[in-house]
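Reproduced below: entry_11.pdb, with PDB, C-alpha atoms.
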```pdb
MODEL        1
ATOM      1  CA  MET Y 435     -29.845   2.379  14.517
ATOM      2  CA  PRO Y 436     -27.057  -0.230  14.447
ATOM      3  CA  LEU Y 437     -28.008  -3.879  14.643
ATOM      4  CA  VAL Y 438     -29.093  -4.742  18.191
ATOM      5  CA  SER Y 439     -28.984  -8.280  19.542
ATOM      6  CA  VAL Y 440     -31.460  -9.000  22.348
ATOM      7  CA  VAL Y 441     -30.467 -11.786  24.737
ATOM      8  CA  ILE Y 442     -33.235 -13.278  26.890
ATOM      9  CA  VAL Y 443     -32.330 -15.920  29.470
ATOM     10  CA  THR Y 444     -35.263 -18.169  30.350
ATOM     11  CA  HIS Y 445     -36.056 -20.778  32.973
ATOM     12  CA  ASN Y 446     -39.642 -22.049  32.991
ATOM     13  CA  SER Y 447     -40.660 -18.708  31.521
ATOM     14  CA  ARG Y 448     -43.290 -19.765  29.001
ATOM     15  CA  GLU Y 449     -45.974 -17.442  30.371
ATOM     16  CA  ASP Y 450     -43.661 -14.416  30.455
ATOM     17  CA  VAL Y 451     -41.617 -14.735  27.281
ATOM     18  CA  ALA Y 452     -44.525 -14.122  24.905
ATOM     19  CA  ARG Y 453     -44.951 -10.468  25.885
ATOM     20  CA  SER Y 454     -41.207  -9.922  26.063
ATOM     21  CA  LEU Y 455     -40.702 -11.210  22.512
ATOM     22  CA  ALA Y 456     -43.732  -9.315  21.211
ATOM     23  CA  SER Y 457     -42.204  -6.042  22.421
ATOM     24  CA  LEU Y 458     -39.061  -6.452  20.300
ATOM     25  CA  PRO Y 459     -38.744  -4.638  16.964
ATOM     26  CA  SER Y 460     -38.749  -6.989  13.986
ATOM     27  CA  ASP Y 461     -35.241  -5.981  12.924
ATOM     28  CA  VAL Y 462     -33.397  -7.014  16.111
ATOM     29  CA  ASP Y 463     -31.302 -10.153  16.425
ATOM     30  CA  ALA Y 464     -33.221 -12.221  19.010
ATOM     31  CA  ILE Y 465     -31.381 -14.841  21.084
ATOM     32  CA  ILE Y 466     -33.029 -17.076  23.680
ATOM     33  CA  VAL Y 467     -30.796 -18.963  26.120
ATOM     34  CA  ASP Y 468     -32.892 -21.486  28.021
ATOM     35  CA  ASN Y 469     -31.667 -22.867  31.344
ATOM     36  CA  ALA Y 470     -33.217 -26.340  31.337
ATOM     37  CA  SER Y 471     -36.896 -25.346  31.329
ATOM     38  CA  SER Y 472     -39.457 -28.101  31.848
ATOM     39  CA  ASP Y 473     -42.536 -26.114  30.783
ATOM     40  CA  GLY Y 474     -41.943 -25.917  27.028
ATOM     41  CA  THR Y 475     -40.407 -22.433  27.025
ATOM     42  CA  PRO Y 476     -38.033 -23.076  24.055
ATOM     43  CA  ALA Y 477     -40.840 -24.427  21.875
ATOM     44  CA  GLU Y 478     -43.063 -21.476  22.714
ATOM     45  CA  ALA Y 479     -40.260 -19.020  21.950
ATOM     46  CA  ARG Y 480     -39.569 -20.740  18.631
ATOM     47  CA  ARG Y 481     -43.277 -20.546  17.725
ATOM     48  CA  LEU Y 482     -43.480 -16.854  18.605
ATOM     49  CA  ARG Y 483     -40.182 -15.824  17.016
ATOM     50  CA  PRO Y 484     -39.170 -18.321  14.293
ATOM     51  CA  ASP Y 485     -36.089 -16.261  13.368
ATOM     52  CA  ALA Y 486     -34.677 -16.322  16.917
ATOM     53  CA  VAL Y 487     -31.527 -18.215  17.827
ATOM     54  CA  ILE Y 488     -32.457 -20.612  20.636
ATOM     55  CA  LEU Y 489     -29.741 -22.144  22.799
ATOM     56  CA  GLN Y 490     -30.855 -24.893  25.175
ATOM     57  CA  ASN Y 491     -28.832 -25.855  28.239
ATOM     58  CA  ARG Y 492     -29.249 -29.294  29.758
ATOM     59  CA  SER Y 493     -28.805 -27.844  33.246
ATOM     60  CA  ASN Y 494     -29.470 -24.483  34.848
ATOM     61  CA  ARG Y 495     -26.192 -22.607  34.431
ATOM     62  CA  GLY Y 496     -27.394 -19.451  36.155
ATOM     63  CA  PHE Y 497     -28.071 -15.990  34.770
ATOM     64  CA  GLY Y 498     -24.551 -14.694  34.142
ATOM     65  CA  ALA Y 499     -23.252 -17.818  32.416
ATOM     66  CA  ALA Y 500     -26.325 -17.998  30.172
ATOM     67  CA  CYS Y 501     -25.994 -14.302  29.282
ATOM     68  CA  ASN Y 502     -22.387 -14.954  28.292
ATOM     69  CA  GLN Y 503     -23.585 -17.706  25.949
ATOM     70  CA  GLY Y 504     -26.029 -15.308  24.356
ATOM     71  CA  LEU Y 505     -23.395 -12.607  23.983
ATOM     72  CA  GLU Y 506     -21.130 -15.092  22.197
ATOM     73  CA  ALA Y 507     -23.898 -15.705  19.660
ATOM     74  CA  ALA Y 508     -24.835 -12.020  19.248
ATOM     75  CA  LYS Y 509     -24.370 -10.495  15.804
ATOM     76  CA  GLY Y 510     -25.063  -6.857  16.655
ATOM     77  CA  ASP Y 511     -22.749  -4.053  17.680
ATOM     78  CA  LEU Y 512     -25.022  -3.595  20.694
ATOM     79  CA  ALA Y 513     -26.595  -6.271  22.873
ATOM     80  CA  LEU Y 514     -29.591  -5.806  25.161
ATOM     81  CA  LEU Y 515     -29.906  -8.202  28.087
ATOM     82  CA  LEU Y 516     -33.618  -8.423  28.867
ATOM     83  CA  ASN Y 517     -35.372 -10.555  31.464
ATOM     84  CA  PRO Y 518     -38.222 -12.724  30.164
ATOM     85  CA  ASP Y 519     -40.577 -11.035  32.653
ATOM     86  CA  ALA Y 520     -39.736  -7.615  31.188
ATOM     87  CA  PHE Y 521     -40.893  -5.957  27.994
ATOM     88  CA  ALA Y 522     -39.978  -2.808  26.139
ATOM     89  CA  ARG Y 523     -42.342   0.086  25.639
ATOM     90  CA  PRO Y 524     -42.335   1.599  22.120
ATOM     91  CA  GLY Y 525     -39.041   3.311  21.304
ATOM     92  CA  ALA Y 526     -37.236   2.053  24.428
ATOM     93  CA  ILE Y 527     -34.659  -0.110  22.675
ATOM     94  CA  GLU Y 528     -33.970   2.619  20.136
ATOM     95  CA  ALA Y 529     -33.448   5.181  22.944
ATOM     96  CA  LEU Y 530     -30.857   2.979  24.657
ATOM     97  CA  ALA Y 531     -29.040   2.378  21.371
ATOM     98  CA  GLU Y 532     -28.971   6.079  20.501
ATOM     99  CA  ALA Y 533     -27.528   6.999  23.902
ATOM    100  CA  LEU Y 534     -24.768   4.389  23.658
ATOM    101  CA  VAL Y 535     -23.821   5.340  20.104
ATOM    102  CA  ALA Y 536     -23.806   9.068  20.883
ATOM    103  CA  ASP Y 537     -21.260   8.734  23.702
ATOM    104  CA  PRO Y 538     -17.984   7.115  22.583
ATOM    105  CA  ASP Y 539     -16.968   6.459  26.203
ATOM    106  CA  ALA Y 540     -20.225   4.731  27.141
ATOM    107  CA  VAL Y 541     -20.048   0.947  27.386
ATOM    108  CA  ALA Y 542     -23.403   0.097  29.006
ATOM    109  CA  ALA Y 543     -26.816   1.662  29.473
ATOM    110  CA  GLY Y 544     -30.046   0.910  31.284
ATOM    111  CA  GLY Y 545     -33.551   2.280  31.049
ATOM    112  CA  ARG Y 546     -36.355   3.320  33.358
ATOM    113  CA  LEU Y 547     -38.240   0.314  34.746
ATOM    114  CA  TYR Y 548     -41.815   0.126  36.004
ATOM    115  CA  PHE Y 549     -43.786  -2.523  37.842
ATOM    116  CA  PRO Y 550     -46.868  -3.804  35.979
ATOM    117  CA  ASN Y 551     -49.044  -1.570  38.177
ATOM    118  CA  GLY Y 552     -47.211   1.522  36.900
ATOM    119  CA  ARG Y 553     -45.073   2.133  39.994
ATOM    120  CA  LEU Y 554     -41.468   3.172  39.366
ATOM    121  CA  GLN Y 555     -38.953   0.393  40.025
ATOM    122  CA  ASP Y 556     -35.430   0.789  41.356
ATOM    123  CA  SER Y 557     -33.043   0.126  38.472
ATOM    124  CA  VAL Y 558     -30.115   2.501  39.126
ATOM    125  CA  ALA Y 559     -27.785   2.281  42.105
ATOM    126  CA  GLY Y 560     -24.671   3.855  43.516
ATOM    127  CA  LYS Y 561     -21.587   1.919  44.555
ATOM    128  CA  LEU Y 562     -22.138  -1.178  46.647
ATOM    129  CA  THR Y 563     -20.320  -0.461  49.919
ATOM    130  CA  LEU Y 564     -20.549  -1.925  53.407
ATOM    131  CA  TRP Y 565     -22.228   1.321  54.495
ATOM    132  CA  ALA Y 566     -24.848   0.919  51.776
ATOM    133  CA  LEU Y 567     -25.385  -2.694  52.856
ATOM    134  CA  PHE Y 568     -25.766  -1.620  56.487
ATOM    135  CA  CYS Y 569     -28.365   0.970  55.493
ATOM    136  CA  GLU Y 570     -30.232  -1.659  53.457
ATOM    137  CA  GLN Y 571     -30.317  -4.228  56.252
ATOM    138  CA  SER Y 572     -31.073  -1.753  59.047
ATOM    139  CA  GLY Y 573     -33.877   0.009  57.192
ATOM    140  CA  LEU Y 574     -31.993   3.309  56.918
ATOM    141  CA  GLU Y 575     -32.076   3.035  53.115
ATOM    142  CA  ARG Y 576     -35.682   4.250  53.205
ATOM    143  CA  ILE Y 577     -34.493   7.511  54.779
ATOM    144  CA  ILE Y 578     -31.067   8.367  53.380
ATOM    145  CA  HIS Y 579     -31.039   6.479  50.025
ATOM    146  CA  ALA Y 580     -27.472   5.273  50.343
ATOM    147  CA  TYR Y 581     -27.741   2.839  47.443
ATOM    148  CA  TRP Y 582     -30.744   3.142  45.109
ATOM    149  CA  ARG Y 583     -30.828   6.385  43.109
ATOM    150  CA  THR Y 584     -33.683   5.911  40.624
ATOM    151  CA  PRO Y 585     -36.356   8.246  42.078
ATOM    152  CA  MET Y 586     -33.841  11.056  42.533
ATOM    153  CA  LEU Y 587     -32.605  10.822  38.926
ATOM    154  CA  VAL Y 588     -36.125  10.621  37.510
ATOM    155  CA  GLU Y 589     -37.215  13.664  39.522
ATOM    156  CA  MET Y 590     -34.240  15.610  38.166
ATOM    157  CA  GLY Y 591     -35.750  15.166  34.699
ATOM    158  CA  ILE Y 592     -32.413  14.964  32.899
ATOM    159  CA  GLY Y 593     -31.479  12.961  29.828
ATOM    160  CA  PRO Y 594     -28.843  10.213  29.681
ATOM    161  CA  HIS Y 595     -26.849  10.451  32.883
ATOM    162  CA  GLU Y 596     -23.691   8.669  34.030
ATOM    163  CA  VAL Y 597     -24.290   6.325  36.969
ATOM    164  CA  ASP Y 598     -22.425   3.648  38.905
ATOM    165  CA  GLN Y 599     -24.600   0.720  37.847
ATOM    166  CA  VAL Y 600     -27.807  -0.309  36.124
ATOM    167  CA  MET Y 601     -29.884  -3.445  36.619
ATOM    168  CA  GLY Y 602     -29.029  -6.520  34.550
ATOM    169  CA  ALA Y 603     -32.726  -7.152  33.892
ATOM    170  CA  CYS Y 604     -32.470  -4.414  31.256
ATOM    171  CA  MET Y 605     -28.867  -3.642  30.339
ATOM    172  CA  MET Y 606     -27.520  -2.770  26.900
ATOM    173  CA  LEU Y 607     -23.836  -3.397  26.225
ATOM    174  CA  LYS Y 608     -21.558  -2.051  23.519
ATOM    175  CA  ARG Y 609     -19.209  -4.359  21.640
ATOM    176  CA  ALA Y 610     -15.599  -3.526  22.533
ATOM    177  CA  LYS Y 611     -12.857  -2.667  20.059
ATOM    178  CA  ASP Y 612     -11.557  -6.233  20.279
ATOM    179  CA  GLY Y 613     -14.882  -7.420  18.880
ATOM    180  CA  ARG Y 614     -16.144  -8.947  22.117
ATOM    181  CA  PHE Y 615     -18.872  -7.955  24.537
ATOM    182  CA  PRO Y 616     -18.143  -7.593  28.263
ATOM    183  CA  ARG Y 617     -18.717 -10.819  30.170
ATOM    184  CA  PHE Y 618     -20.274 -11.610  33.531
ATOM    185  CA  ASP Y 619     -18.268 -13.338  36.231
ATOM    186  CA  GLU Y 620     -19.737 -16.853  36.221
ATOM    187  CA  ARG Y 621     -18.995 -17.375  39.907
ATOM    188  CA  PHE Y 622     -22.287 -15.523  40.437
ATOM    189  CA  PHE Y 623     -25.322 -17.702  39.856
ATOM    190  CA  LEU Y 624     -28.148 -15.206  40.274
ATOM    191  CA  TYR Y 625     -28.130 -11.545  41.412
ATOM    192  CA  CYS Y 626     -25.248  -9.067  41.816
ATOM    193  CA  GLU Y 627     -23.470 -10.272  38.684
ATOM    194  CA  ASP Y 628     -24.638  -6.983  37.157
ATOM    195  CA  THR Y 629     -23.148  -5.014  40.073
ATOM    196  CA  GLU Y 630     -19.825  -6.799  39.649
ATOM    197  CA  LEU Y 631     -19.768  -6.286  35.872
ATOM    198  CA  CYS Y 632     -20.533  -2.567  36.202
ATOM    199  CA  ARG Y 633     -17.710  -2.274  38.732
ATOM    200  CA  ARG Y 634     -15.209  -3.760  36.266
ATOM    201  CA  LEU Y 635     -16.483  -1.620  33.394
ATOM    202  CA  ARG Y 636     -16.065   1.552  35.470
ATOM    203  CA  ASP Y 637     -12.632   0.496  36.696
ATOM    204  CA  ALA Y 638     -11.583   0.109  33.052
ATOM    205  CA  GLY Y 639     -12.653   3.681  32.304
ATOM    206  CA  GLY Y 640     -16.036   3.007  30.728
ATOM    207  CA  LYS Y 641     -19.197   5.034  31.333
ATOM    208  CA  ILE Y 642     -22.522   3.543  32.337
ATOM    209  CA  LEU Y 643     -25.605   5.512  31.397
ATOM    210  CA  PHE Y 644     -29.119   5.740  32.782
ATOM    211  CA  VAL Y 645     -31.509   6.617  29.948
ATOM    212  CA  PRO Y 646     -34.906   7.673  31.397
ATOM    213  CA  ALA Y 647     -36.484   7.910  27.934
ATOM    214  CA  ALA Y 648     -36.055   4.138  27.523
ATOM    215  CA  GLU Y 649     -39.039   2.705  29.405
ATOM    216  CA  PHE Y 650     -39.555  -0.964  30.237
ATOM    217  CA  VAL Y 651     -42.021  -2.904  32.386
ATOM    218  CA  HIS Y 652     -40.531  -5.544  34.689
ATOM    219  CA  ALA Y 653     -42.533  -7.902  36.917
ATOM    220  CA  LEU Y 654     -39.822  -8.031  39.598
ATOM    221  CA  GLY Y 655     -40.997  -9.453  42.893
ATOM    222  CA  MET Y 656     -44.231 -10.887  41.554
ATOM    223  CA  SER Y 657     -43.377 -14.401  42.771
ATOM    224  CA  SER Y 658     -45.019 -16.021  45.789
ATOM    225  CA  GLU Y 659     -43.595 -15.812  49.310
ATOM    226  CA  SER Y 660     -42.867 -19.554  49.150
ATOM    227  CA  SER Y 661     -40.228 -19.009  46.455
ATOM    228  CA  ARG Y 662     -39.178 -15.444  47.296
ATOM    229  CA  TRP Y 663     -37.031 -16.490  50.241
ATOM    230  CA  ARG Y 664     -34.712 -18.295  47.845
ATOM    231  CA  ALA Y 665     -34.423 -15.148  45.754
ATOM    232  CA  VAL Y 666     -33.395 -13.216  48.879
ATOM    233  CA  ALA Y 667     -30.852 -15.924  49.772
ATOM    234  CA  PHE Y 668     -29.331 -15.793  46.290
ATOM    235  CA  TYR Y 669     -29.240 -11.993  46.440
ATOM    236  CA  ASN Y 670     -27.481 -12.050  49.798
ATOM    237  CA  ARG Y 671     -24.926 -14.564  48.548
ATOM    238  CA  GLY Y 672     -24.255 -12.364  45.512
ATOM    239  CA  LYS Y 673     -23.478  -9.369  47.721
ATOM    240  CA  GLU Y 674     -21.228 -11.427  49.962
ATOM    241  CA  LEU Y 675     -19.324 -12.813  46.978
ATOM    242  CA  TYR Y 676     -18.950  -9.305  45.524
ATOM    243  CA  PHE Y 677     -17.353  -8.007  48.730
ATOM    244  CA  ALA Y 678     -15.076 -11.031  49.022
ATOM    245  CA  ILE Y 679     -13.839 -10.574  45.429
ATOM    246  CA  HIS Y 680     -13.339  -6.803  45.460
ATOM    247  CA  HIS Y 681     -12.664  -6.005  49.127
ATOM    248  CA  GLY Y 682     -11.259  -9.193  50.633
ATOM    249  CA  GLY Y 683     -12.412 -12.067  52.825
ATOM    250  CA  LEU Y 684     -13.079  -9.943  55.916
ATOM    251  CA  ALA Y 685     -15.482  -7.715  53.973
ATOM    252  CA  GLY Y 686     -17.241 -10.845  52.725
ATOM    253  CA  VAL Y 687     -17.681 -12.080  56.301
ATOM    254  CA  MET Y 688     -18.977  -8.663  57.405
ATOM    255  CA  ALA Y 689     -21.486  -8.683  54.549
ATOM    256  CA  PHE Y 690     -22.640 -12.164  55.586
ATOM    257  CA  ALA Y 691     -23.121 -11.016  59.179
ATOM    258  CA  MET Y 692     -25.118  -7.929  58.130
ATOM    259  CA  ASP Y 693     -27.327  -9.970  55.799
ATOM    260  CA  ARG Y 694     -28.171 -12.461  58.568
ATOM    261  CA  LEU Y 695     -28.746  -9.725  61.146
ATOM    262  CA  GLY Y 696     -31.006  -7.964  58.651
ATOM    263  CA  ALA Y 697     -33.046 -11.145  58.211
ATOM    264  CA  LEU Y 698     -33.279 -11.546  62.004
ATOM    265  CA  LEU Y 699     -34.403  -7.922  62.435
ATOM    266  CA  ARG Y 700     -37.130  -8.298  59.805
ATOM    267  CA  MET Y 701     -38.286 -11.592  61.271
ATOM    268  CA  MET Y 702     -38.646  -9.994  64.715
ATOM    269  CA  VAL Y 703     -40.527  -6.981  63.329
ATOM    270  CA  TRP Y 704     -43.034  -9.176  61.501
ATOM    271  CA  LEU Y 705     -43.350 -11.414  64.551
ATOM    272  CA  ALA Y 706     -44.265  -8.371  66.634
ATOM    273  CA  LEU Y 707     -46.843  -7.366  64.022
ATOM    274  CA  CYS Y 708     -48.465 -10.783  64.398
ATOM    275  CA  VAL Y 709     -49.344  -9.689  67.951
ATOM    276  CA  VAL Y 710     -50.024  -5.983  67.365
ATOM    277  CA  ILE Y 711     -52.146  -6.394  64.213
ATOM    278  CA  PRO Y 712     -53.820  -9.805  64.593
ATOM    279  CA  TRP Y 713     -56.257  -9.209  61.715
ATOM    280  CA  ARG Y 714     -53.274  -9.329  59.362
ATOM    281  CA  LEU Y 715     -51.885 -12.442  60.997
ATOM    282  CA  ARG Y 716     -51.690 -14.504  57.802
ATOM    283  CA  LYS Y 717     -49.572 -11.966  55.921
ATOM    284  CA  SER Y 718     -47.322 -11.262  58.901
ATOM    285  CA  ALA Y 719     -46.806 -14.961  59.576
ATOM    286  CA  ALA Y 720     -45.786 -15.515  55.952
ATOM    287  CA  LYS Y 721     -43.161 -12.788  56.305
ATOM    288  CA  VAL Y 722     -41.885 -14.319  59.548
ATOM    289  CA  LEU Y 723     -41.443 -17.655  57.762
ATOM    290  CA  LEU Y 724     -39.757 -15.994  54.771
ATOM    291  CA  PHE Y 725     -37.085 -14.254  56.841
ATOM    292  CA  ALA Y 726     -36.644 -17.274  59.124
ATOM    293  CA  ARG Y 727     -35.777 -19.285  56.024
ATOM    294  CA  VAL Y 728     -33.374 -16.578  54.852
ATOM    295  CA  LEU Y 729     -31.756 -16.571  58.279
ATOM    296  CA  VAL Y 730     -30.961 -20.302  58.129
ATOM    297  CA  ALA Y 731     -30.242 -20.492  54.387
ATOM    298  CA  PRO Y 732     -26.992 -22.230  53.352
ATOM    299  CA  THR Y 733     -23.866 -20.097  53.465
ATOM    300  CA  ASP Y 734     -23.345 -21.011  49.810
ATOM    301  CA  PRO Y 735     -26.760 -21.707  48.232
ATOM    302  CA  TYR Y 736     -25.071 -22.099  44.831
ATOM    303  CA  THR Y 737     -23.470 -25.351  45.977
ATOM    304  CA  ARG Y 738     -26.162 -26.605  48.352
ATOM    305  CA  TRP Y 739     -28.909 -26.161  45.804
ATOM    306  CA  VAL Y 740     -26.676 -27.586  43.047
ATOM    307  CA  ARG Y 741     -27.663 -24.937  40.510
ATOM    308  CA  THR Y 742     -30.805 -26.874  39.696
ATOM    309  CA  GLU Y 743     -33.199 -23.954  39.677
ATOM    310  CA  THR Y 744     -33.397 -20.200  39.750
ATOM    311  CA  CYS Y 745     -35.992 -18.230  41.620
ATOM    312  CA  GLU Y 746     -39.114 -17.221  39.768
TER     313      GLU Y 746
ENDMDL
END
```

How does this structure look as structure tokens?
Amino acid sequence: MPLVSVVIVTHNSREDVARSLASLPSDVDAIIVDNASSDGTPAEARRLRPDAVILQNRSNRGFGAACNQGLEAAKGDLALLLNPDAFARPGAIEALAEALVADPDAVAAGGRLYFPNGRLQDSVAGKLTLWALFCEQSGLERIIHAYWRTPMLVEMGIGPHEVDQVMGACMMLKRAKDGRFPRFDERFFLYCEDTELCRRLRDAGGKILFVPAAEFVHALGMSSESSRWRAVAFYNRGKELYFAIHHGGLAGVMAFAMDRLGALLRMMVWLALCVVIPWRLRKSAAKVLLFARVLVAPTDPYTRWVRTETCE
């Protein structure tokens, strides 16, 4: 296996990073890029992996910008971007590397992700289109699967398969012929920077692979409702920025409208459940508050929240 650099971007991730680092083979090039943690994450990472390169930012630069820093410092021919709340199962990193090396046209690859409870997690998607966004916000995605493709590909039981995009929480990149790794667009602070990067890689003729044999565990969505609304707001902004960049300002406005209407629809559904199922009032009320906050979130949370924190 060629030398693999593993880039982990952290922000107050002390509790998560231990398992992530422990899952890495001893012969990988480990790089930690810390976005202004206040919980001692860099010190804990240094204690757990003394050979790791640790880059500390004085402010939270966001996921994409921090990944770019890590890619600049990477020594390997391949680089795995891995979230601190994710860890590799035995052989997963090797499986991704083998798939990328075996296909000369492949430029990126992602593995199969699971929640900590063993449930399969969505990690492979089709193209992000306004139709896919409409299906997501209207609830049709649960019926026609216009965007997420993971269950279908896993059920097919095939090996490495070309896809439109894989999740940035577990994405391996191949160093280009010019000696550089692909870079994220730093206009994205958190979420959808992986969608935008995969779009550019495909447009340039590269192949993106889903490698089911590479299994990882990712604690996506384990945060509390009090912080999750910000994650949804960042995600919505990422989609809107993607459409504005690749499809024009009108598409960006349409994406904004669908995101807000989707939040309103969900708020009304949970509000109705407060009445219909009163014994679950506490949970339903929390959901109402979550989507109410999403509905009135800043148009540009990147600027309003001054890039001072990411969502947990």

Might you pull out every residue within 9 Å of Phe677 of chain Y, with only C-alpha atoms counted and same-chain residues fewer than 4 positions away left off, and present them as a VMD selection string?
chain Y and resid 562 to 564 672 to 673 681 to 689

May I have the residues at most 6 Å from (-36.5, -15.0, 25.1) in the file's coordinates, counting all atoms listed in the file, as a PyMOL selection string?
chain Y and resi 442+451+466+518

For the residues in the current selection, export C-alpha atoms as a PDB file, keeping the file's coordinate frame.
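Once written, out_5.pdb looks like this:
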```pdb
ATOM      1  CA  ILE Y 442     -33.235 -13.278  26.890  1.00  0.00           C
ATOM      2  CA  VAL Y 451     -41.617 -14.735  27.281  1.00  0.00           C
ATOM      3  CA  ILE Y 466     -33.029 -17.076  23.680  1.00  0.00           C
ATOM      4  CA  PRO Y 518     -38.222 -12.724  30.164  1.00  0.00           C
TER       5      PRO Y 518
END
```

Test item: the PyMOL selection byres ((chain Y and resi 640-650) around 8) resolved as an mmCIF file with C-alpha atoms, keeping the file's coordinate frame:
```cif
data_model
loop_
_atom_site.group_PDB
_atom_site.id
_atom_site.type_symbol
_atom_site.label_atom_id
_atom_site.label_comp_id
_atom_site.auth_asym_id
_atom_site.auth_seq_id
_atom_site.Cartn_x
_atom_site.Cartn_y
_atom_site.Cartn_z
ATOM 1 C CA ALA Y 520 -39.736 -7.615 31.188
ATOM 2 C CA PHE Y 521 -40.893 -5.957 27.994
ATOM 3 C CA ALA Y 522 -39.978 -2.808 26.139
ATOM 4 C CA ARG Y 523 -42.342 0.086 25.639
ATOM 5 C CA GLY Y 525 -39.041 3.311 21.304
ATOM 6 C CA ALA Y 526 -37.236 2.053 24.428
ATOM 7 C CA ILE Y 527 -34.659 -0.110 22.675
ATOM 8 C CA GLU Y 528 -33.970 2.619 20.136
ATOM 9 C CA ALA Y 529 -33.448 5.181 22.944
ATOM 10 C CA LEU Y 530 -30.857 2.979 24.657
ATOM 11 C CA ALA Y 533 -27.528 6.999 23.902
ATOM 12 C CA LEU Y 534 -24.768 4.389 23.658
ATOM 13 C CA ASP Y 539 -16.968 6.459 26.203
ATOM 14 C CA ALA Y 540 -20.225 4.731 27.141
ATOM 15 C CA VAL Y 541 -20.048 0.947 27.386
ATOM 16 C CA ALA Y 542 -23.403 0.097 29.006
ATOM 17 C CA ALA Y 543 -26.816 1.662 29.473
ATOM 18 C CA GLY Y 544 -30.046 0.910 31.284
ATOM 19 C CA GLY Y 545 -33.551 2.280 31.049
ATOM 20 C CA ARG Y 546 -36.355 3.320 33.358
ATOM 21 C CA LEU Y 547 -38.240 0.314 34.746
ATOM 22 C CA TYR Y 548 -41.815 0.126 36.004
ATOM 23 C CA VAL Y 558 -30.115 2.501 39.126
ATOM 24 C CA VAL Y 588 -36.125 10.621 37.510
ATOM 25 C CA ILE Y 592 -32.413 14.964 32.899
ATOM 26 C CA GLY Y 593 -31.479 12.961 29.828
ATOM 27 C CA PRO Y 594 -28.843 10.213 29.681
ATOM 28 C CA HIS Y 595 -26.849 10.451 32.883
ATOM 29 C CA GLU Y 596 -23.691 8.669 34.030
ATOM 30 C CA VAL Y 597 -24.290 6.325 36.969
ATOM 31 C CA ASP Y 598 -22.425 3.648 38.905
ATOM 32 C CA GLN Y 599 -24.600 0.720 37.847
ATOM 33 C CA VAL Y 600 -27.807 -0.309 36.124
ATOM 34 C CA CYS Y 604 -32.470 -4.414 31.256
ATOM 35 C CA CYS Y 632 -20.533 -2.567 36.202
ATOM 36 C CA LEU Y 635 -16.483 -1.620 33.394
ATOM 37 C CA ARG Y 636 -16.065 1.552 35.470
ATOM 38 C CA ASP Y 637 -12.632 0.496 36.696
ATOM 39 C CA ALA Y 638 -11.583 0.109 33.052
ATOM 40 C CA GLY Y 639 -12.653 3.681 32.304
ATOM 41 C CA VAL Y 651 -42.021 -2.904 32.386
ATOM 42 C CA HIS Y 652 -40.531 -5.544 34.689
#
```

Separation of atom CA of Ala580 of chain Y from atom CA of Lys717 of chain Y, in Å and rounded to one decimal:
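Separation of atom CA of Ala580 of chain Y and atom CA of Lys717 of chain Y: 28.6 Å.
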
Picked residues, the PyMOL selection byres ((chain Y and resi 719) around 12), expected as an MDAnalysis selection string
chainID Y and resid 659 700:709 711:718 720:726

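The two atoms in question, atom CA of Trp663 of chain Y and atom CA of Phe623 of chain Y, are spaced 15.7 Å apart.
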
Residue nearest Ser457 of chain Y among Y:Asp473, Y:Asp519, Y:Glu589, Y:Glu506 (counting all atoms listed in the file):
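Closest candidate: Y:Asp519.
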
Could you tell me how far atom CA of Phe618 of chain Y sits from atom CA of Asn502 of chain Y, in Å to one decimal place?
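Spanning atom CA of Asn502 of chain Y to atom CA of Phe618 of chain Y is a straight-line distance of 6.6 Å.
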
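Remark: for Arg664 of chain Y, the closest of the candidate residues Y:Asp537, Y:Glu630, Y:Asp612, Y:Asp734 is Y:Asp734 (distances computed over all atoms listed in the file).
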
For a quick check of understanding, using only C-alpha atoms, which of Y:Lys561, Y:Lys608, Y:Arg583, Y:Arg694 has the smallest distance to Arg633 of chain Y?
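Of all the options, Y:Lys561 lies closest to Arg633 of chain Y.
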
With the file shown as input, list the residues that the PyMOL selection byres ((chain Y and resi 503) around 10) selects, as a PyMOL selection string.
chain Y and resi 441+443+465-467+489+491+498-502+504-508+617

Can you pull out every residue within 9 Å of Arg609 of chain Y, counting all atoms listed in the file, but drop anything in the same chain fewer than 3 positions away, and send it as a PyMOL selection string?
chain Y and resi 510-513+541+612-616

Restrict the selected residues to C-alpha atoms and save them as a PDB file, in the frame of the given file.
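result-v3.pdb was written with the following content:
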```pdb
ATOM      1  CA  GLY Y 510     -25.063  -6.857  16.655  1.00  0.00           C
ATOM      2  CA  ASP Y 511     -22.749  -4.053  17.680  1.00  0.00           C
ATOM      3  CA  LEU Y 512     -25.022  -3.595  20.694  1.00  0.00           C
ATOM      4  CA  ALA Y 513     -26.595  -6.271  22.873  1.00  0.00           C
ATOM      5  CA  VAL Y 541     -20.048   0.947  27.386  1.00  0.00           C
ATOM      6  CA  ASP Y 612     -11.557  -6.233  20.279  1.00  0.00           C
ATOM      7  CA  GLY Y 613     -14.882  -7.420  18.880  1.00  0.00           C
ATOM      8  CA  ARG Y 614     -16.144  -8.947  22.117  1.00  0.00           C
ATOM      9  CA  PHE Y 615     -18.872  -7.955  24.537  1.00  0.00           C
ATOM     10  CA  PRO Y 616     -18.143  -7.593  28.263  1.00  0.00           C
TER      11      PRO Y 616
END
```

Which is closer to Leu624 of chain Y than all the others in Y:Arg495, Y:Lys611, Y:Arg448, Y:Arg553, using only C-alpha atoms?
Y:Arg495

Shortest contact to Leu699 of chain Y, candidates Y:Thr629, Y:Asn469, Y:Gln571, Y:Ser661, atoms counted all atoms listed in the file, goes to Y:Gln571

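With all atoms listed in the file as the basis for measurement, Y:Ala697 is the residue among Y:Leu729, Y:Pro585, Y:His445, Y:Ala697 that approaches Ser572 of chain Y most closely.
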